[in-house]
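Below you'll find the structure, written out as structure tokens, and then a few comments.
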Amino acid sequence: MRQARAYAIAGLAALVAGAVAFAQSETVPLPEEAPVEAAPLDDNAVAALAETQWGDPQNGATLAGTCAACHGLDGNSTIREVYPSIAAQNELYIAHQLALFKSGERSSPIMQPFAAMLSPQDMRDLGAHFAAQTAQAGIADDTVVTEGPYEGMKFYEIGQTLYRRGDPERQIPACMACHGPTGAGIPGPSYPHVGGQVSWYTARRLEEFRSGTTHERDRRLFDVMATVASRLTDQEIQALSSYMEGLHPRPDAATRAQMARLEGGAEVVPTRGGPGATGDAVQTEMPDVPAGAPGAPEVEPADPPQAPAPEAETPAPAEPEPQP
Ligand code: HEC
Ligand code: HEC
């Protein structure tokens, strides 16, 4: 009996050490399914969010030091090949995901120990800090597709079409309806910010939704995306993820004019890839973002959450809406 416990503790220590070593290495791919209990799971973590208030970004900024090694102090991934970005993610969405990690309903051996240390209000405070940050976009892939149903299109254009218009014949709703024209999502716990997210992570999430992989007890939100993703091919998932990595709000007209002057002529838009990168093409038709609207949603949602295709049932937000 006692021996079994000793083994269990030794095993746990090894797992924690493994998780830490894993977190520090740069090249190892993320495990798909490895629920490691580095700290006790808290069944009540999601329910406990109901008792919280709108997050305090200042306290969040203090707490964010713990997250900086991977997500960056401003929420932009430090190593884009390994960590997702959380900059500009919605306050309540961040808190909700942290609670899911803490309860073990969403399993990540890397995130679970960090989430376990947080109180429900800490989660909201961290959410408020990261929500106020600006997401850096990456570059979309503009390689021309040489075969298959999308022959002749640039790779990201496959994703762009689906993102903006969906495919009514196959009952795929436009992603834009719930995630917004610039990928900003809709404030609240339900509709995440997706613009600029590293593409491997978006692709992995879409594959999880498609295969139904979830630990969530409350499946309402998950099932929305599971329905959408079930109709996507591998190629479409990759193309959407590439398009979304390049997706970001267009700077306002004054900023563009100033940048054009600085660059000596042509109007340019900043992306990580610099002028001329495909990301520019991806976002040039995006609507202007109202200048200087801190705390406000980055863009007006194109459609209310009720708008998407009939098949994708839109659940009511899981948590009470906060007072801004
Ligand atoms: C050691 C690196 C590391 C640290 C430190 C870390 N994270 Fe993470 N985080 C990750 C990884 C890896 C994932 C992806 C988890 C998965 O789904 O496999 C992630 C996922 C997340 C997600 C979900 C993102 C989404 O869009 O689904 C949130 C929110 C998050 N982290 C917040 C935080 C916060 C807040 C902190 C600090 C308290 C933190 N993380 C500290 C590595 C880290
Ligand atoms: C009917 C509304 C709706 C539509 C349409 C929709 N989504 Fe979502 N999406 C959601 C919801 C709700 C979630 C959160 C799911 C959860 O919490 O389990 C989500 C989550 C996601 C995530 C996970 C983000 C993260 O940070 O972990 C990605 C990626 C995503 N959606 C991509 C897409 C793409 C691509 C499309 C179009 C093919 C799309 N969505 C269409 C509602 C929608």
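Convention: chains lettered A, B, ... in structure tokens order; per-chain residue numbering from 1; ligands numbered from 1 as shown.
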* To do: Identify, with DSSP run on backbone atoms, the residues in segment 57-237 of chain A assigned to helix (DSSP H, G or I), and express the list as number ranges by chain.
  => A: 57-66, 68-71, 91-103, 111-116, 120-131, 155-165, 168-170, 176-179, 199-211, 220-229, 234-237
* To do: Could I get the residue neighbourhood of ligand 1 at 6 Å, counting only C-alpha atoms and all ligand atoms, as a list in words?
  =>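 My answer, listing the contacting residues, is Ala23, Ala64, Thr66, Cys67, Ala69, Cys70, Tyr83, Pro84, Ile86, Ile94, Gln97, Leu98, Ser108, Ile110, Met111, Phe114 and Leu126 of chain A.
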Expected file: the selected residues, N, CA and C atoms, as a CSV table (one decimal), in the first residue's frame:
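Result file follows (part_33.csv):
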chain,number,residue,atom,x,y,z
A,23,ALA,N,8.5,21.7,-21.7
A,23,ALA,CA,8.1,23.1,-21.9
A,23,ALA,C,9.3,23.9,-22.3
A,64,ALA,N,1.0,38.2,-15.4
A,64,ALA,CA,1.4,37.7,-16.7
A,64,ALA,C,2.9,37.4,-16.8
A,66,THR,N,4.3,35.2,-15.3
A,66,THR,CA,4.4,33.7,-15.3
A,66,THR,C,4.2,33.1,-16.7
A,67,CYS,N,3.5,33.9,-17.5
A,67,CYS,CA,3.1,33.4,-18.8
A,67,CYS,C,4.1,33.8,-19.9
A,69,ALA,N,7.2,33.5,-20.6
A,69,ALA,CA,8.2,32.7,-21.3
A,69,ALA,C,7.7,32.1,-22.6
A,70,CYS,N,6.4,31.8,-22.6
A,70,CYS,CA,5.8,31.1,-23.7
A,70,CYS,C,4.9,32.0,-24.5
A,83,TYR,N,4.3,27.7,-29.3
A,83,TYR,CA,3.3,28.2,-28.4
A,83,TYR,C,2.2,29.0,-29.1
A,84,PRO,N,1.0,28.9,-28.8
A,84,PRO,CA,-0.1,29.7,-29.4
A,84,PRO,C,0.0,31.1,-28.8
A,86,ILE,N,-2.0,34.5,-27.4
A,86,ILE,CA,-3.2,34.8,-26.7
A,86,ILE,C,-3.5,36.3,-26.6
A,94,ILE,N,-10.4,33.6,-22.3
A,94,ILE,CA,-9.2,33.2,-21.7
A,94,ILE,C,-9.5,32.6,-20.3
A,97,GLN,N,-11.0,29.2,-20.7
A,97,GLN,CA,-10.0,28.1,-21.0
A,97,GLN,C,-9.1,27.8,-19.8
A,98,LEU,N,-8.7,28.8,-19.1
A,98,LEU,CA,-7.8,28.5,-17.9
A,98,LEU,C,-8.6,27.7,-16.9
A,108,SER,N,-3.9,19.7,-21.0
A,108,SER,CA,-2.6,20.1,-21.5
A,108,SER,C,-1.6,20.0,-20.4
A,110,ILE,N,1.2,21.0,-20.2
A,110,ILE,CA,2.0,22.3,-20.0
A,110,ILE,C,1.1,23.3,-19.3
A,111,MET,N,-0.1,23.5,-19.7
A,111,MET,CA,-0.9,24.6,-19.1
A,111,MET,C,-1.5,24.2,-17.7
A,114,PHE,N,0.1,25.7,-14.5
A,114,PHE,CA,0.0,27.1,-14.4
A,114,PHE,C,-1.4,27.5,-14.1
A,126,LEU,N,-6.0,38.1,-15.7
A,126,LEU,CA,-5.1,37.8,-16.8
A,126,LEU,C,-5.8,38.0,-18.2
Select from chain A every residue with an atom at most 8 Å from any atom of ligand 2, then for each give the shortest pair of atoms and their distance in Å to one decimal, using only C-alpha atoms and all ligand atoms, rows by chain and rising number, as a Markdown table.
| residue | atom | partner | partner_atom_place_in_ligand_line | distance |
| --- | --- | --- | --- | --- |
| A:Ile86 | CA | ligand 2 | 26 (O) | 7.7 |
| A:Gln89 | CA | ligand 2 | 26 (O) | 7.8 |
| A:Tyr93 | CA | ligand 2 | 17 (O) | 7.8 |
| A:Gln97 | CA | ligand 2 | 17 (O) | 7.6 |
| A:Gly159 | CA | ligand 2 | 35 (C) | 7.9 |
| A:Leu162 | CA | ligand 2 | 38 (C) | 6.1 |
| A:Tyr163 | CA | ligand 2 | 37 (C) | 5.4 |
| A:Gly166 | CA | ligand 2 | 38 (C) | 6.7 |
| A:Ile172 | CA | ligand 2 | 38 (C) | 6.5 |
| A:Pro173 | CA | ligand 2 | 5 (C) | 4.9 |
| A:Ala174 | CA | ligand 2 | 5 (C) | 5.4 |
| A:Cys175 | CA | ligand 2 | 37 (C) | 3.4 |
| A:Met176 | CA | ligand 2 | 5 (C) | 6.8 |
| A:Ala177 | CA | ligand 2 | 5 (C) | 5.5 |
| A:Cys178 | CA | ligand 2 | 2 (C) | 4.4 |
| A:His179 | CA | ligand 2 | 7 (N) | 6.3 |
| A:Pro189 | CA | ligand 2 | 17 (O) | 7.8 |
| A:Ser190 | CA | ligand 2 | 12 (C) | 4.8 |
| A:Tyr191 | CA | ligand 2 | 11 (C) | 4.7 |
| A:Pro192 | CA | ligand 2 | 24 (C) | 5.5 |
| A:His193 | CA | ligand 2 | 26 (O) | 6.6 |
| A:Val194 | CA | ligand 2 | 24 (C) | 5.9 |
| A:Gln197 | CA | ligand 2 | 26 (O) | 7.8 |
| A:Tyr201 | CA | ligand 2 | 29 (C) | 7.6 |
| A:Thr202 | CA | ligand 2 | 29 (C) | 4.4 |
| A:Ala203 | CA | ligand 2 | 29 (C) | 6.9 |
| A:Arg205 | CA | ligand 2 | 29 (C) | 5.5 |
| A:Leu206 | CA | ligand 2 | 29 (C) | 5.6 |
| A:Phe209 | CA | ligand 2 | 18 (O) | 7.9 |
| A:Glu216 | CA | ligand 2 | 18 (O) | 7.9 |
| A:Arg219 | CA | ligand 2 | 18 (O) | 7.3 |
| A:Arg220 | CA | ligand 2 | 18 (O) | 7.7 |
| A:Leu221 | CA | ligand 2 | 12 (C) | 4.5 |
| A:Phe222 | CA | ligand 2 | 18 (O) | 3.5 |
| A:Asp223 | CA | ligand 2 | 18 (O) | 7.1 |
| A:Val224 | CA | ligand 2 | 12 (C) | 5.6 |
| A:Met225 | CA | ligand 2 | 9 (N) | 5.1 |
| A:Val228 | CA | ligand 2 | 38 (C) | 6.0 |
| A:Ala229 | CA | ligand 2 | 38 (C) | 6.4 |
| A:Leu232 | CA | ligand 2 | 38 (C) | 7.3 |
| A:Ile237 | CA | ligand 2 | 35 (C) | 7.1 |
| A:Leu240 | CA | ligand 2 | 35 (C) | 5.7 |
| A:Ser241 | CA | ligand 2 | 35 (C) | 6.9 |
| A:Met244 | CA | ligand 2 | 35 (C) | 7.8 |
| A:Pro305 | CA | ligand 2 | 2 (C) | 6.4 |
| A:Gln306 | CA | ligand 2 | 1 (C) | 7.5 |
| A:Ala307 | CA | ligand 2 | 1 (C) | 7.7 |
| A:Pro308 | CA | ligand 2 | 1 (C) | 5.3 |
| A:Ala309 | CA | ligand 2 | 5 (C) | 7.2 |
| A:Ala312 | CA | ligand 2 | 1 (C) | 5.1 |
| A:Glu313 | CA | ligand 2 | 1 (C) | 6.3 |
| A:Thr314 | CA | ligand 2 | 1 (C) | 5.4 |
| A:Pro315 | CA | ligand 2 | 12 (C) | 7.7 |
* To do: Can you pull out every residue within 7 Å of Ala45 of chain A, counting only C-alpha atoms, but drop anything in the same chain fewer than 6 positions away, and send it as an NGL selection string?
  => :A and (99 or 102-103)
* **Ala135 of chain A surroundings by only C-alpha atoms, 10 Å radius, close-in-sequence under 2 positions cut, as JSON, numbers by chain** => {"A": [74, 75, 76, 77, 85, 86, 87, 88, 89, 130, 131, 132, 133, 137, 138, 184, 193, 194, 195, 196, 197, 247, 248, 249]}
Atoms kept (N, CA and C atoms) for selection, written as an mmCIF file, in the first residue's frame:
data_model
loop_
_atom_site.group_PDB
_atom_site.id
_atom_site.type_symbol
_atom_site.label_atom_id
_atom_site.label_comp_id
_atom_site.auth_asym_id
_atom_site.auth_seq_id
_atom_site.Cartn_x
_atom_site.Cartn_y
_atom_site.Cartn_z
ATOM 1 N N ASP A 74 3.164 40.382 -23.842
ATOM 2 C CA ASP A 74 2.038 40.991 -24.559
ATOM 3 C C ASP A 74 1.164 39.942 -25.250
ATOM 4 N N GLY A 75 1.359 38.668 -24.889
ATOM 5 C CA GLY A 75 0.474 37.630 -25.417
ATOM 6 C C GLY A 75 0.839 37.128 -26.801
ATOM 7 N N ASN A 76 1.911 37.658 -27.392
ATOM 8 C CA ASN A 76 2.341 37.147 -28.695
ATOM 9 C C ASN A 76 3.404 36.072 -28.480
ATOM 10 N N SER A 77 3.123 34.901 -29.013
ATOM 11 C CA SER A 77 3.959 33.730 -28.805
ATOM 12 C C SER A 77 5.450 34.038 -28.934
ATOM 13 N N SER A 85 -0.522 32.079 -29.548
ATOM 14 C CA SER A 85 -0.625 33.446 -29.048
ATOM 15 C C SER A 85 -1.953 33.610 -28.322
ATOM 16 N N ILE A 86 -1.965 34.507 -27.354
ATOM 17 C CA ILE A 86 -3.220 34.806 -26.659
ATOM 18 C C ILE A 86 -3.481 36.317 -26.627
ATOM 19 N N ALA A 87 -2.666 37.100 -27.362
ATOM 20 C CA ALA A 87 -2.879 38.552 -27.423
ATOM 21 C C ALA A 87 -4.220 38.840 -28.077
ATOM 22 N N ALA A 88 -4.945 39.788 -27.510
ATOM 23 C CA ALA A 88 -6.237 40.240 -28.040
ATOM 24 C C ALA A 88 -7.334 39.181 -27.911
ATOM 25 N N GLN A 89 -7.011 38.084 -27.253
ATOM 26 C CA GLN A 89 -8.056 37.083 -27.012
ATOM 27 C C GLN A 89 -9.075 37.678 -26.033
ATOM 28 N N PHE A 130 -4.440 40.360 -21.276
ATOM 29 C CA PHE A 130 -4.114 39.892 -22.630
ATOM 30 C C PHE A 130 -5.121 40.397 -23.663
ATOM 31 N N ALA A 131 -6.366 40.578 -23.244
ATOM 32 C CA ALA A 131 -7.387 41.073 -24.181
ATOM 33 C C ALA A 131 -7.027 42.468 -24.687
ATOM 34 N N ALA A 132 -6.310 43.218 -23.864
ATOM 35 C CA ALA A 132 -5.975 44.600 -24.230
ATOM 36 C C ALA A 132 -4.735 44.683 -25.119
ATOM 37 N N GLN A 133 -4.085 43.562 -25.395
ATOM 38 C CA GLN A 133 -2.858 43.570 -26.197
ATOM 39 C C GLN A 133 -3.178 43.450 -27.690
ATOM 40 N N ALA A 137 0.163 39.478 -36.562
ATOM 41 C CA ALA A 137 -0.200 38.470 -37.551
ATOM 42 C C ALA A 137 1.058 37.838 -38.129
ATOM 43 N N GLY A 138 0.898 36.666 -38.688
ATOM 44 C CA GLY A 138 1.980 36.023 -39.415
ATOM 45 C C GLY A 138 1.743 36.203 -40.909
ATOM 46 N N ALA A 184 -11.493 38.837 -34.875
ATOM 47 C CA ALA A 184 -11.488 39.323 -33.492
ATOM 48 C C ALA A 184 -12.434 38.554 -32.569
ATOM 49 N N HIS A 193 -11.125 34.999 -30.382
ATOM 50 C CA HIS A 193 -10.283 35.726 -31.324
ATOM 51 C C HIS A 193 -9.426 34.691 -32.036
ATOM 52 N N VAL A 194 -9.361 34.754 -33.347
ATOM 53 C CA VAL A 194 -8.563 33.778 -34.097
ATOM 54 C C VAL A 194 -7.576 34.426 -35.072
ATOM 55 N N GLY A 195 -7.655 35.750 -35.237
ATOM 56 C CA GLY A 195 -6.812 36.431 -36.220
ATOM 57 C C GLY A 195 -5.343 36.417 -35.820
ATOM 58 N N GLY A 196 -4.466 36.072 -36.750
ATOM 59 C CA GLY A 196 -3.033 36.099 -36.483
ATOM 60 C C GLY A 196 -2.526 34.882 -35.730
ATOM 61 N N GLN A 197 -3.416 34.008 -35.321
ATOM 62 C CA GLN A 197 -2.975 32.833 -34.540
ATOM 63 C C GLN A 197 -2.023 31.970 -35.383
ATOM 64 N N LEU A 247 -4.415 37.003 -40.951
ATOM 65 C CA LEU A 247 -5.584 37.869 -40.775
ATOM 66 C C LEU A 247 -5.393 38.826 -39.601
ATOM 67 N N HIS A 248 -5.556 40.092 -39.863
ATOM 68 C CA HIS A 248 -5.440 41.063 -38.785
ATOM 69 C C HIS A 248 -6.154 42.342 -39.179
ATOM 70 N N PRO A 249 -6.501 43.153 -38.205
ATOM 71 C CA PRO A 249 -7.224 44.384 -38.512
ATOM 72 C C PRO A 249 -6.372 45.319 -39.347
#
* To do: Considering only C-alpha atoms, state which residue in the set A:Met123, A:Ala257, A:Ala140, A:Ala239 is at the smallest distance from Asp56 of chain A.
  => A:Met123
* Might you pull out every residue within 10 Å of Asp42 of chain A, with only C-alpha atoms counted and same-chain residues fewer than 2 positions away left off, and present them as a ChimeraX atom specification? => /A:39-40,44-46,48,99-105,116
* **Selected residue, from A:Val198, A:His215, A:Glu207, A:Glu51, that lies nearest to Glu81 of chain A when counting only C-alpha atoms** =>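 The shortest atom-to-atom distance to Glu81 of chain A comes from A:Val198.
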